[in-house]
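Peer 1: Quick one, protein.cif (mmCIF, C-alpha atoms):
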data_run
loop_
_atom_site.label_atom_id
_atom_site.label_comp_id
_atom_site.auth_asym_id
_atom_site.auth_seq_id
_atom_site.Cartn_x
_atom_site.Cartn_y
_atom_site.Cartn_z
CA MET A 1166 70.85 114.40 77.77
CA ASP A 1167 69.87 114.37 74.11
CA GLU A 1168 71.73 111.89 71.95
CA THR A 1169 73.73 113.49 69.16
CA PHE A 1170 76.73 112.24 67.22
CA VAL A 1171 77.16 115.36 65.07
CA PRO A 1172 80.66 116.79 65.65
CA PHE A 1173 80.68 119.69 68.14
CA GLU A 1174 76.86 119.58 68.45
CA GLY A 1175 76.87 118.13 71.96
CA ILE A 1176 79.53 120.58 73.17
CA LYS A 1177 77.58 123.50 71.70
CA ASN A 1178 74.35 122.45 73.43
CA ASP A 1179 76.13 121.95 76.75
CA VAL A 1180 77.80 125.37 76.59
CA LYS A 1181 74.51 127.04 75.63
CA GLY A 1182 72.68 125.45 78.55
CA ARG A 1183 75.50 126.24 80.96
CA LEU A 1184 75.62 129.93 80.03
CA LEU A 1185 71.92 130.30 80.69
CA CYS A 1186 72.20 129.15 84.31
CA TYR A 1187 75.81 130.17 85.08
CA LYS A 1188 74.88 133.44 86.80
CA GLN A 1189 72.11 131.75 88.77
CA ASP A 1190 74.58 129.21 90.17
CA TRP A 1191 76.78 131.92 91.64
CA THR A 1192 73.97 134.11 92.92
CA GLY A 1193 72.21 131.11 94.46
CA GLY A 1194 75.38 130.09 96.27
CA ILE A 1195 75.89 133.61 97.61
CA LYS A 1196 72.27 133.90 98.75
CA ALA A 1197 72.56 130.58 100.60
CA GLY A 1198 74.89 132.25 103.10
CA PHE A 1199 76.32 130.12 105.88
CA SER A 1200 74.11 127.17 104.97
CA ILE A 1201 76.53 126.35 102.14
CA LEU A 1202 79.34 125.90 104.68
CA ALA A 1203 78.10 122.48 105.90
CA PRO A 1204 78.19 120.64 102.54
CA THR A 1205 81.42 122.44 101.63
CA THR A 1206 83.16 121.22 104.78
CA TYR A 1207 81.77 117.72 104.36
CA ILE A 1208 82.90 117.36 100.74
CA PHE A 1209 86.29 118.91 101.54
CA PHE A 1210 87.10 116.20 104.07
CA ALA A 1211 85.47 113.49 101.94
CA SER A 1212 87.76 114.48 99.05
CA ALA A 1213 90.94 115.38 100.94
CA ILE A 1214 91.25 112.18 103.00
CA PRO A 1215 91.34 109.77 99.99
CA VAL A 1216 93.68 112.12 98.13
CA ILE A 1217 96.13 112.22 101.04
CA SER A 1218 95.94 108.44 101.44
CA PHE A 1219 96.59 107.96 97.73
CA GLY A 1220 99.51 110.35 97.98
CA GLU A 1221 101.02 108.30 100.79
CA GLN A 1222 100.77 105.15 98.66
CA LEU A 1223 102.43 106.95 95.75
CA ASP A 1224 105.18 108.08 98.11
CA ARG A 1225 105.91 104.48 99.03
CA SER A 1226 105.66 103.20 95.45
CA THR A 1227 107.83 105.89 93.86
CA ASP A 1228 110.35 106.33 96.71
CA GLY A 1229 109.32 109.91 97.29
CA VAL A 1230 109.15 111.09 93.66
CA LEU A 1231 105.37 111.57 93.94
CA THR A 1232 103.88 112.47 97.32
CA ALA A 1233 100.71 113.92 98.79
CA VAL A 1234 101.87 117.34 97.62
CA GLN A 1235 101.35 116.34 94.01
CA THR A 1236 97.98 114.68 94.62
CA LEU A 1237 96.67 117.66 96.58
CA ALA A 1238 97.99 120.07 93.94
CA SER A 1239 96.25 118.12 91.18
CA THR A 1240 92.94 117.94 93.04
CA ALA A 1241 93.03 121.64 93.94
CA LEU A 1242 94.06 122.83 90.47
CA CYS A 1243 91.57 120.68 88.54
CA GLY A 1244 88.81 121.28 91.09
CA ILE A 1245 89.13 125.06 90.94
CA ILE A 1246 89.23 125.13 87.13
CA HIS A 1247 86.24 122.79 86.84
CA SER A 1248 84.19 124.70 89.43
CA ILE A 1249 84.70 127.98 87.56
CA ILE A 1250 84.40 126.96 83.90
CA GLY A 1251 83.07 123.39 84.16
CA GLY A 1252 79.67 122.37 82.88
CA GLN A 1253 78.38 120.35 85.86
CA PRO A 1254 79.40 121.93 89.20
CA LEU A 1255 78.02 118.94 91.13
CA LEU A 1256 80.83 116.77 89.73
CA ILE A 1257 83.77 116.30 92.12
CA LEU A 1258 87.23 115.65 90.70
CA GLY A 1259 89.80 113.42 92.36
CA VAL A 1260 93.26 112.05 91.63
CA ALA A 1261 93.64 109.15 89.22
CA GLU A 1262 96.70 107.01 88.58
CA PRO A 1263 99.94 108.82 87.59
CA THR A 1264 101.02 108.58 83.96
CA VAL A 1265 104.04 109.79 82.03
CA ILE A 1266 103.94 112.88 79.85
CA MET A 1267 103.56 111.17 76.46
CA VAL A 1268 100.71 108.98 77.72
CA CYS A 1269 98.97 112.09 79.07
CA VAL A 1270 99.28 113.78 75.68
CA TRP A 1271 97.72 110.82 73.87
CA THR A 1272 95.03 110.47 76.56
CA ALA A 1273 94.12 114.14 76.32
CA ALA A 1274 93.89 113.92 72.53
CA LEU A 1275 91.59 110.88 72.73
CA LEU A 1276 89.33 112.51 75.32
CA ILE A 1277 89.01 115.66 73.24
CA MET A 1278 88.18 113.58 70.17
CA LEU A 1279 85.54 111.58 72.08
CA SER A 1280 83.89 114.78 73.30
CA ILE A 1281 83.83 116.27 69.80
CA VAL A 1282 82.17 113.26 68.15
CA GLY A 1283 79.53 113.02 70.90
CA ALA A 1284 80.66 109.76 72.48
CA CYS A 1285 79.01 110.73 75.77
CA SER A 1286 75.64 110.05 74.17
CA ILE A 1287 76.39 106.36 74.62
CA ILE A 1288 76.04 106.85 78.38
CA ASN A 1289 72.26 106.94 77.90
CA ARG A 1290 72.42 103.33 76.77
CA PHE A 1291 73.85 102.19 80.11
CA THR A 1292 71.32 101.23 82.73
CA ARG A 1293 71.27 102.35 86.33
CA LEU A 1294 72.54 98.90 87.30
CA ALA A 1295 75.76 99.40 85.28
CA GLY A 1296 76.50 102.67 87.05
CA GLU A 1297 75.78 101.22 90.47
CA LEU A 1298 78.00 98.20 89.76
CA PHE A 1299 80.81 100.52 88.73
CA GLY A 1300 80.32 102.47 91.95
CA LEU A 1301 80.42 99.19 93.88
CA LEU A 1302 83.73 98.36 92.18
CA ILE A 1303 85.19 101.71 93.23
CA ALA A 1304 83.95 101.18 96.80
CA MET A 1305 85.56 97.74 96.93
CA LEU A 1306 88.83 99.20 95.67
CA PHE A 1307 88.70 101.82 98.43
CA MET A 1308 88.09 99.08 100.99
CA GLN A 1309 90.95 97.02 99.58
CA GLN A 1310 93.34 99.95 99.81
CA ALA A 1311 92.17 100.70 103.37
CA ILE A 1312 92.81 97.11 104.45
CA THR A 1313 96.21 97.15 102.75
CA GLY A 1314 97.08 100.33 104.60
CA LEU A 1315 96.10 98.83 107.95
CA VAL A 1316 98.18 95.71 107.27
CA ASP A 1317 101.18 97.90 106.39
CA GLU A 1318 100.97 99.48 109.84
CA PHE A 1319 102.18 96.15 111.27
CA ARG A 1320 105.16 96.05 108.88
CA ILE A 1321 108.41 97.93 108.41
CA THR A 1322 108.09 100.33 105.52
CA LYS A 1323 110.84 101.10 103.04
CA ARG A 1324 113.35 103.90 103.57
CA GLU A 1325 113.10 103.48 107.35
CA ASN A 1326 115.80 102.84 109.91
CA THR A 1327 115.05 99.28 110.96
CA THR A 1328 117.18 99.61 114.10
CA SER A 1329 114.84 102.20 115.64
CA ILE A 1330 112.96 101.17 118.76
CA GLU A 1331 109.53 101.69 117.18
CA PHE A 1332 110.25 98.87 114.70
CA ILE A 1333 110.77 96.11 117.22
CA PRO A 1334 107.98 93.50 117.05
CA SER A 1335 106.15 94.58 120.21
CA TRP A 1336 105.95 98.26 119.21
CA ARG A 1337 105.03 97.41 115.62
CA PHE A 1338 102.11 95.37 116.95
CA ALA A 1339 101.08 98.26 119.21
CA ASN A 1340 101.27 100.69 116.27
CA GLY A 1341 99.11 98.42 114.12
CA MET A 1342 96.46 97.89 116.78
CA PHE A 1343 96.31 101.62 117.51
CA ALA A 1344 95.82 102.24 113.77
CA VAL A 1345 92.94 99.73 113.75
CA VAL A 1346 91.28 101.49 116.69
CA LEU A 1347 91.66 104.92 115.08
CA SER A 1348 90.37 103.72 111.70
CA PHE A 1349 87.29 101.92 112.95
CA GLY A 1350 86.60 104.65 115.49
CA LEU A 1351 86.57 107.32 112.79
CA MET A 1352 84.45 105.20 110.46
CA LEU A 1353 81.80 104.25 113.03
CA THR A 1354 81.47 107.70 114.62
CA GLY A 1355 81.42 109.39 111.21
CA LEU A 1356 78.62 107.16 109.93
CA ARG A 1357 76.73 107.56 113.19
CA SER A 1358 76.96 111.36 113.10
CA ARG A 1359 75.49 111.51 109.57
CA LYS A 1360 72.23 110.06 110.99
CA ALA A 1361 72.03 112.50 113.89
CA ARG A 1362 68.76 114.02 112.66
CA SER A 1363 66.98 110.75 113.46
CA TRP A 1364 68.29 110.60 117.04
CA ARG A 1365 65.68 110.55 119.81
CA TYR A 1366 67.77 112.66 122.16
CA GLY A 1367 69.11 116.19 121.94
CA SER A 1368 67.53 119.34 120.58
CA GLY A 1369 66.79 119.81 116.90
CA CYS A 1370 69.53 122.41 116.49
CA LEU A 1371 72.11 120.13 118.10
CA ARG A 1372 71.12 117.15 115.96
CA GLY A 1373 71.24 119.27 112.83
CA PHE A 1374 74.68 120.63 113.74
CA VAL A 1375 76.06 117.13 114.38
CA ALA A 1376 74.57 115.84 111.12
CA ASP A 1377 76.08 118.71 109.10
CA TYR A 1378 79.50 118.94 110.73
CA GLY A 1379 79.84 115.53 112.38
CA VAL A 1380 82.30 114.02 109.90
CA PRO A 1381 84.79 116.95 110.00
CA LEU A 1382 84.50 117.06 113.78
CA MET A 1383 85.16 113.32 114.06
CA VAL A 1384 88.27 113.69 111.89
CA LEU A 1385 89.58 116.39 114.24
CA VAL A 1386 88.59 114.43 117.36
CA TRP A 1387 90.29 111.19 116.33
CA THR A 1388 93.35 113.11 115.14
CA ALA A 1389 93.56 114.62 118.62
CA VAL A 1390 93.13 111.13 120.14
CA SER A 1391 96.17 109.94 118.19
CA TYR A 1392 98.32 112.44 120.12
CA ILE A 1393 97.20 111.27 123.57
CA PRO A 1394 99.89 108.57 124.11
CA ALA A 1395 102.67 110.81 122.75
CA GLY A 1396 104.63 110.93 126.01
CA SER A 1397 104.52 107.21 126.84
CA VAL A 1398 105.42 105.65 123.48
CA PRO A 1399 108.50 105.93 121.25
CA HIS A 1400 108.65 108.66 118.64
CA GLY A 1401 106.96 107.52 115.43
CA ILE A 1402 104.01 105.72 117.04
CA PRO A 1403 101.49 106.08 115.57
CA ARG A 1404 103.07 106.58 112.17
CA ARG A 1405 102.18 109.84 110.51
CA LEU A 1406 102.23 111.11 106.96
CA LEU A 1407 105.56 112.72 106.12
CA SER A 1408 105.33 115.12 103.19
CA PRO A 1409 108.16 117.34 101.91
CA SER A 1410 107.68 121.06 101.93
CA PRO A 1411 106.77 122.22 98.42
CA TRP A 1412 108.72 125.45 98.97
CA SER A 1413 112.00 123.95 100.18
CA LEU A 1414 115.17 124.29 98.12
CA GLY A 1415 115.13 121.83 95.23
CA ALA A 1416 111.65 120.50 96.03
CA TYR A 1417 110.28 121.85 92.77
CA GLN A 1418 112.21 119.15 90.92
CA ASN A 1419 109.93 116.52 92.44
CA TRP A 1420 106.69 117.97 91.12
CA THR A 1421 107.38 120.63 88.50
CA VAL A 1422 107.68 119.22 85.01
CA ILE A 1423 107.59 122.43 83.00
CA SER A 1424 110.33 124.91 83.80
CA VAL A 1425 111.37 128.08 82.02
CA ARG A 1426 115.00 129.02 81.60
CA SER A 1427 116.46 132.11 79.95
CA CYS A 1428 119.05 131.53 77.25
CA PRO A 1429 121.85 134.00 76.46
CA CYS A 1430 119.77 135.21 73.52
CA MET A 1431 116.92 136.03 75.98
CA THR A 1432 114.69 133.34 74.48
CA ARG A 1433 112.88 130.82 76.60
CA ARG A 1434 113.11 127.05 76.51
CA PHE A 1435 110.45 124.81 77.99
CA PHE A 1436 111.31 121.57 79.70
CA SER A 1437 109.37 118.40 80.28
CA ALA A 1438 110.15 115.39 82.43
CA ILE A 1439 111.18 111.80 81.98
CA THR A 1440 111.05 109.02 84.50
CA TYR A 1441 113.36 106.03 84.13
CA ILE A 1442 114.92 103.21 86.15
CA GLN A 1443 118.62 103.11 86.87
CA ASN A 1444 120.26 100.44 89.05
CA GLY A 1445 116.85 99.39 90.35
CA ALA A 1446 115.94 102.91 91.49
CA LEU A 1447 113.30 105.25 90.06
CA MET A 1448 115.00 108.34 88.61
CA PHE A 1449 113.51 111.64 87.48
CA ARG A 1450 114.93 114.48 85.44
CA THR A 1451 113.80 117.22 83.07
CA LEU A 1452 114.03 117.20 79.31
CA SER A 1453 113.85 120.15 76.95
CA TRP A 1454 111.36 120.12 74.11
CA GLN A 1455 114.26 119.62 71.70
CA GLU A 1456 115.30 116.48 73.59
CA MET A 1457 111.71 115.25 73.62
CA LEU A 1458 111.65 115.45 69.83
CA ASP A 1459 114.67 113.14 69.81
CA VAL A 1460 112.68 110.38 71.54
CA PRO A 1461 112.30 107.44 69.13
CA VAL A 1462 109.07 107.48 67.18
CA LEU A 1463 108.44 103.87 68.24
CA TYR A 1464 108.29 104.94 71.90
CA ILE A 1465 105.93 107.80 71.10
CA LEU A 1466 103.62 105.50 69.17
CA GLY A 1467 103.93 102.83 71.85
CA ALA A 1468 102.52 105.27 74.42
CA PHE A 1469 99.27 105.23 72.46
CA ILE A 1470 98.44 101.72 73.73
CA PRO A 1471 98.28 102.52 77.48
CA ALA A 1472 96.78 105.93 76.63
CA THR A 1473 93.84 104.20 74.94
CA MET A 1474 93.07 102.14 78.03
CA ILE A 1475 93.41 105.16 80.32
CA ALA A 1476 91.21 107.30 78.04
CA VAL A 1477 88.45 104.67 78.12
CA LEU A 1478 88.74 104.48 81.91
CA TYR A 1479 88.59 108.27 82.28
CA TYR A 1480 85.66 108.49 79.86
CA PHE A 1481 83.61 105.89 81.70
CA ASP A 1482 84.61 106.99 85.21
CA HIS A 1483 83.99 110.68 84.49
CA SER A 1484 80.66 110.11 82.74
CA VAL A 1485 79.30 107.63 85.30
CA ALA A 1486 80.29 109.92 88.18
CA SER A 1487 78.41 112.77 86.50
CA GLN A 1488 75.45 110.51 85.80
CA LEU A 1489 75.22 109.30 89.42
CA ALA A 1490 75.39 112.92 90.61
CA GLN A 1491 72.32 113.71 88.44
CA GLN A 1492 70.02 110.81 89.25
CA LYS A 1493 66.29 111.30 88.71
CA GLU A 1494 65.47 111.05 92.40
CA PHE A 1495 67.60 114.13 93.04
CA ASN A 1496 64.96 116.14 91.15
CA LEU A 1497 67.48 118.45 89.44
CA ARG A 1498 66.16 121.26 87.24
CA LYS A 1499 69.28 122.33 85.31
CA PRO A 1500 70.66 120.63 82.18
CA SER A 1501 73.57 118.19 82.15
CA SER A 1502 76.92 118.81 80.48
CA PHE A 1503 78.56 115.49 79.60
CA HIS A 1504 80.22 116.48 76.31
CA TYR A 1505 81.71 119.78 77.49
CA ASP A 1506 82.96 118.27 80.75
CA LEU A 1507 84.76 115.52 78.84
CA LEU A 1508 86.36 118.16 76.62
CA LEU A 1509 87.52 120.06 79.69
CA LEU A 1510 88.85 116.81 81.19
CA GLY A 1511 91.06 116.37 78.13
CA PHE A 1512 92.67 119.77 78.62
CA LEU A 1513 93.05 119.20 82.38
CA THR A 1514 94.79 115.88 81.71
CA LEU A 1515 97.21 117.62 79.37
CA ILE A 1516 97.93 120.36 81.93
CA CYS A 1517 98.54 117.83 84.71
CA GLY A 1518 100.85 115.80 82.47
CA LEU A 1519 102.94 118.87 81.64
CA LEU A 1520 103.11 119.82 85.33
CA GLY A 1521 104.14 116.33 86.39
CA ILE A 1522 101.19 115.77 88.73
CA PRO A 1523 98.67 112.90 88.55
CA PRO A 1524 95.60 113.78 86.46
CA SER A 1525 92.21 114.18 88.10
CA ASN A 1526 88.81 113.08 86.86
CA GLY A 1527 85.28 112.65 88.17
CA VAL A 1528 85.22 110.36 91.19
CA ILE A 1529 82.74 108.07 92.87
CA PRO A 1530 81.27 108.23 95.52
CA GLN A 1531 82.18 111.88 96.17
CA SER A 1532 80.08 113.20 93.27
CA PRO A 1533 76.71 111.69 94.36
CA MET A 1534 77.64 112.46 97.96
CA HIS A 1535 78.03 116.11 96.94
CA THR A 1536 74.52 116.19 95.48
CA LYS A 1537 73.03 114.48 98.53
CA SER A 1538 74.74 116.95 100.88
CA LEU A 1539 73.18 119.87 98.98
CA ALA A 1540 69.73 118.31 98.64
CA THR A 1541 66.81 118.90 100.95
CA LEU A 1542 65.29 115.48 101.54
CA LYS A 1543 61.54 114.99 101.35
CA HIS A 1544 61.26 113.65 104.89
CA GLN A 1545 62.95 116.83 106.16
CA LEU A 1546 60.44 118.96 104.26
CA LEU A 1547 57.59 116.84 105.65
CA ARG A 1548 58.86 117.18 109.22
CA ASN A 1549 59.26 120.95 108.91
CA ARG A 1550 55.79 121.30 107.39
CA LEU A 1551 54.14 119.24 110.13
CA VAL A 1552 55.96 121.16 112.89
CA ALA A 1553 54.98 124.50 111.34
CA THR A 1554 51.35 123.36 111.00
CA ALA A 1555 51.22 122.19 114.62
CA ARG A 1556 52.68 125.46 115.93
CA GLN A 1557 50.22 127.51 113.87
CA SER A 1558 47.31 125.47 115.18
CA ILE A 1559 48.50 125.90 118.77
CA ARG A 1560 48.80 129.68 118.32
CA MET A 1561 45.22 129.74 117.03
CA ASN A 1562 44.04 127.77 120.09
CA SER A 1563 42.69 125.00 117.87
CA SER A 1564 41.09 121.94 119.40
CA LEU A 1565 42.78 118.55 119.34
CA GLY A 1566 40.54 117.41 116.49
CA GLU A 1567 41.31 120.53 114.44
CA LEU A 1568 45.03 120.12 115.13
CA TYR A 1569 44.89 116.52 113.94
CA GLY A 1570 42.92 117.51 110.84
CA ASN A 1571 45.35 120.29 109.91
CA MET A 1572 48.36 117.99 110.28
CA GLN A 1573 46.62 115.27 108.25
CA GLU A 1574 45.88 117.77 105.49
CA ALA A 1575 49.50 118.95 105.46
CA TYR A 1576 50.70 115.34 105.34
CA GLN A 1577 48.44 114.50 102.40
CA HIS A 1578 49.61 117.61 100.57
CA MET A 1579 53.27 116.60 101.01
CA GLN A 1580 52.60 113.11 99.63
CA THR A 1581 52.15 114.40 96.09
CA PRO A 1582 54.84 112.97 93.80
CA LEU A 1583 57.90 115.07 93.05
CA ILE A 1584 58.50 116.43 89.56
CA TYR A 1585 61.43 114.51 88.18
CA GLN A 1586 64.16 115.94 85.99
CA GLU A 1587 62.90 117.18 82.66
CA ALA A 1588 64.60 116.81 79.32
CA SER A 1589 67.51 119.17 78.80
CA THR A 1590 65.90 120.77 75.72
CA ARG A 1591 62.82 121.76 77.73
CA ILE A 1592 64.97 123.22 80.45
CA ILE A 1593 67.02 125.24 77.95
CA ILE A 1594 63.83 126.59 76.34
CA ARG A 1595 62.43 127.55 79.73
CA LEU A 1596 65.65 129.28 80.77
CA GLN A 1597 65.76 131.16 77.46
CA TYR A 1598 62.16 132.27 77.96
CA ASN A 1599 62.87 133.50 81.50
CA ALA A 1600 65.97 135.35 80.32
CA SER A 1601 63.99 137.08 77.54
CA ILE A 1602 61.25 138.11 79.97
CA GLN A 1603 63.83 139.60 82.35
CA ARG A 1604 65.45 141.58 79.52
CA PHE A 1605 62.00 142.85 78.43
CA TYR A 1606 61.20 144.20 81.88
#
Go through the file and emit its structure as structure tokens.
Peer 2:
Amino acid sequence: MDETFVPFEGIKNDVKGRLLCYKQDWTGGIKAGFSILAPTTYIFFASAIPVISFGEQLDRSTDGVLTAVQTLASTALCGIIHSIIGGQPLLILGVAEPTVIMVCVWTAALLIMLSIVGACSIINRFTRLAGELFGLLIAMLFMQQAITGLVDEFRITKRENTTSIEFIPSWRFANGMFAVVLSFGLMLTGLRSRKARSWRYGSGCLRGFVADYGVPLMVLVWTAVSYIPAGSVPHGIPRRLLSPSPWSLGAYQNWTVISVRSCPCMTRRFFSAITYIQNGALMFRTLSWQEMLDVPVLYILGAFIPATMIAVLYYFDHSVASQLAQQKEFNLRKPSSFHYDLLLLGFLTLICGLLGIPPSNGVIPQSPMHTKSLATLKHQLLRNRLVATARQSIRMNSSLGELYGNMQEAYQHMQTPLIYQEASTRIIIRLQYNASIQRFY
């Protein structure tokens, strides 16, 4: 990424580079055929499981005001928009912390301003160590939340009937231990399946299938295992995620912030939401735009303080996630799009705030995991080249010495260093040249 602090210059360069390779991205994905299904399935489960877990925690913290429905809706909406009009399709978006409408407005305005003035150019000043440390922080937070969730399985959650049989101490202990078995079982088998290509047993096709689809299969297998003791334990063990139906009567009030109502004069009024505390309980209702204008100016200005902190967090999280997804060792050939993606993030934050769903931004480690799942590793290329060379030598009835020489020559050829990612300006010039040649012919 070229450093530029001229207003709109970074956005213009990102859009120009994206338009040159936009068609190639879609045609390349279509030509890949069924081979694109493996990384798609892997990233789907890698993104959906944390989103659902975060939605369950929001359900407990907000007494059902925000649930997994809102987190899934935010991830799906922002992910679809970013995949279609985003600048870096390798970037994966995930749910961030929920914020109120006025904070979202200020946050969106700050993100748009940062993208316009070229603040993403500062990312070049951060070393690889800073990005990796930030990724380590995110991983530790995930681990902390996972441990907290396991500990909660031994406790009685809120809004539950404490007189039920599944909440007596013996059954609560059984529920917690079963949750520990399911969690560690899924983690260990999922990690083991990702390394299936290096197994010494099984055919190559089987190992490749397990490596590509092992994590989704393990999720389905351990989910099925959780239903095995259904007939011999009380109802509610193990505890499962309860999410309201988004299409039930009145459910829209929990996650729709903007609503349209027809007045007698056939004009339309738009409504936004306010969250407040009454008698120790979290309340939620809609406000019209006219009522929002009646909010004291001090409260509106006061929302700027948390919005500043959230904007800085989104800026750093989004940019570092994009940077880790475009590391030099991935050998990417297409230009980056930091400025334009940050501009799009500002508009997505505003949309999520108006809809009453938690905003989404670039997440770690899903973004670099996405790139790795799409990449063809060098050791895989080396193995395929050596196998192809050996088969060709056998078909030609080569001697053992000739076979060894051919494989050694292929190995030496594959040891040439890879061409790392070029500067974005060179890539844009090359893409422009190719496009002009195609138009000429």
Peer 1: If we count all atoms listed in the file and set the cut-off at 6 Å, which residues sit around region 1312-1319 of chain A, ignoring sequence neighbours fewer than 2 positions away in its own chain? Please answer as a PyMOL selection string.
Peer 2: chain A and resi 1309-1310+1337-1338+1341
Peer 1: Around all listed atoms of region 1507-1511 of chain A, padded 4 Å per side, what centre and edge lengths does the axis-aligned box have in Å to one decimal, as AutoDock Vina command-line options?
Peer 2:
--center_x 87.9 --center_y 117.8 --center_z 78.9 --size_x 14.3 --size_y 12.5 --size_z 12.6
Peer 1: Compare A:Met1308, A:Asn1562, A:Phe1332, A:Val1462 by their minimum atom-to-atom distance to Met1352 (chain A), counting all atoms listed in the file, and give me the closest one.
Peer 2: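 So, comparing all the options, the nearest one is A:Met1308.
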Peer 1: Calculated over only C-alpha atoms, which of the candidates A:Leu1371, A:Thr1206, A:Ser1280, A:Ile1266 has the smallest distance to Ser1502 (chain A)?
Peer 2: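 Of the candidates, the smallest distance to Ser1502 (chain A) is held by A:Ser1280.
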Peer 1: Can you measure CA of Ala1284 (chain A) to CA of His1504 (chain A) for me? One decimal in Å is fine.
Peer 2: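 Those two atoms sit 7.7 Å apart.
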Peer 1: Would you mind listing what lies within 9 Å of Asp1377 (chain A) as a ChimeraX atom specification, with all atoms listed in the file counted and same-chain residues fewer than 2 positions away left out?
Peer 2: /A:1203-1204,1206-1207,1358-1359,1361,1372-1375,1379-1381,1538
Peer 1: Quote the spacing between CA of Phe1343 (chain A) and CA of Pro1403 (chain A) in Å to one decimal place.
Peer 2: 7.1 Å
Peer 1: Between CA of Val1180 (chain A) and CA of Gly1251 (chain A), measure the distance and give it in Å to one decimal.
Peer 2: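 CA of Gly1251 (chain A) lies 9.4 Å from CA of Val1180 (chain A).
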Peer 1: Taking 5 positions as the minimum chain separation for residues in the same chain, which residues sit within 9 Å of Tyr1505 (chain A) when counting all atoms listed in the file? Answer as a list in words.
Peer 2: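 Near Tyr1505 (chain A), the qualifying residues are Gly1175, Ile1176, Lys1177, Asn1178, Asp1179, Val1180, Gly1251, Gly1252, Ser1280, Ile1281 and Leu1510 of chain A.
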Peer 1: For the PyMOL selection byres ((chain A and resi 1289-1293) around 12), applied here, can you spell out every residue it catches as a list in words?
Peer 2: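 Answer for the PyMOL selection byres ((chain A and resi 1289-1293) around 12): Met1166, Asp1167, Glu1168, Thr1169, Gly1283, Ala1284, Cys1285, Ser1286, Ile1287, Ile1288, Leu1294, Ala1295, Gly1296, Glu1297, Leu1298, Phe1299, Gly1300, Phe1481, Ser1484, Val1485, Ala1486, Gln1488, Leu1489, Gln1491, Gln1492, Lys1493 and Phe1503 of chain A.
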Peer 1: Go ahead and dump the residues you just picked, C-alpha atoms, as a compact mmCIF listing (two decimals), keeping the file's coordinate frame.
Peer 2:
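Final output, selection_13.txt:
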# COMPACT_ATOMS: atom_id res chain seq x y z
CA MET A 1166 70.85 114.40 77.77
CA ASP A 1167 69.87 114.37 74.11
CA GLU A 1168 71.73 111.89 71.95
CA THR A 1169 73.73 113.49 69.16
CA GLY A 1283 79.53 113.02 70.90
CA ALA A 1284 80.66 109.76 72.48
CA CYS A 1285 79.01 110.73 75.77
CA SER A 1286 75.64 110.05 74.17
CA ILE A 1287 76.39 106.36 74.62
CA ILE A 1288 76.04 106.85 78.38
CA LEU A 1294 72.54 98.90 87.30
CA ALA A 1295 75.76 99.40 85.28
CA GLY A 1296 76.50 102.67 87.05
CA GLU A 1297 75.78 101.22 90.47
CA LEU A 1298 78.00 98.20 89.76
CA PHE A 1299 80.81 100.52 88.73
CA GLY A 1300 80.32 102.47 91.95
CA PHE A 1481 83.61 105.89 81.70
CA SER A 1484 80.66 110.11 82.74
CA VAL A 1485 79.30 107.63 85.30
CA ALA A 1486 80.29 109.92 88.18
CA GLN A 1488 75.45 110.51 85.80
CA LEU A 1489 75.22 109.30 89.42
CA GLN A 1491 72.32 113.71 88.44
CA GLN A 1492 70.02 110.81 89.25
CA LYS A 1493 66.29 111.30 88.71
CA PHE A 1503 78.56 115.49 79.60
Peer 1: Using all atoms listed in the file, find the one residue out of A:Ile1402, A:Val1268, A:Glu1494, A:Val1171 that sits nearest to Gly1467 (chain A).
Peer 2: A:Val1268
Peer 1: Which polymer residues, whether protein, DNA or RNA, lie within 7 Å of the coordinate (81.6, 112.5, 102.9) when you count all atoms listed in the file? List them as a PDB file with C-alpha atoms, in the frame of the given file, using the chain letters and numbers from the file.
Peer 2:
ATOM      1  CA  TYR A1207      81.770 117.720 104.360  1.00  0.00           C
ATOM      2  CA  ILE A1208      82.900 117.360 100.740  1.00  0.00           C
ATOM      3  CA  PHE A1210      87.100 116.200 104.070  1.00  0.00           C
ATOM      4  CA  ALA A1211      85.470 113.490 101.940  1.00  0.00           C
ATOM      5  CA  GLN A1531      82.180 111.880  96.170  1.00  0.00           C
ATOM      6  CA  MET A1534      77.640 112.460  97.960  1.00  0.00           C
TER       7      MET A1534
END
Peer 1: Would you please work out which residue, of A:Val1345, A:Ile1217, A:Ala1395, A:Ala1376, is nearest to Arg1362 (chain A) when using all atoms listed in the file?
Peer 2: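 Ranking A:Val1345, A:Ile1217, A:Ala1395, A:Ala1376 by distance to Arg1362 (chain A), first place goes to A:Ala1376.
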Peer 1: Enumerate, as number ranges by chain, the residues matched when the PyMOL selection byres ((chain A and resi 1277) around 8) is run on the file above.
Peer 2: A: 1273-1276, 1278-1281, 1507-1509, 1511-1512
Peer 1: Looking at only C-alpha atoms, which of A:Phe1349, A:Tyr1187, A:Trp1387, A:Trp1271 is the one that sits closest to Thr1514 (chain A)?
Peer 2: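 Smallest distance to Thr1514 (chain A) is found for A:Trp1271.
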Peer 1: Measuring between only C-alpha atoms, which one of A:His1483, A:Lys1499, A:Arg1556, A:Lys1360 shows the shortest distance to Met1572 (chain A)?
Peer 2: A:Arg1556
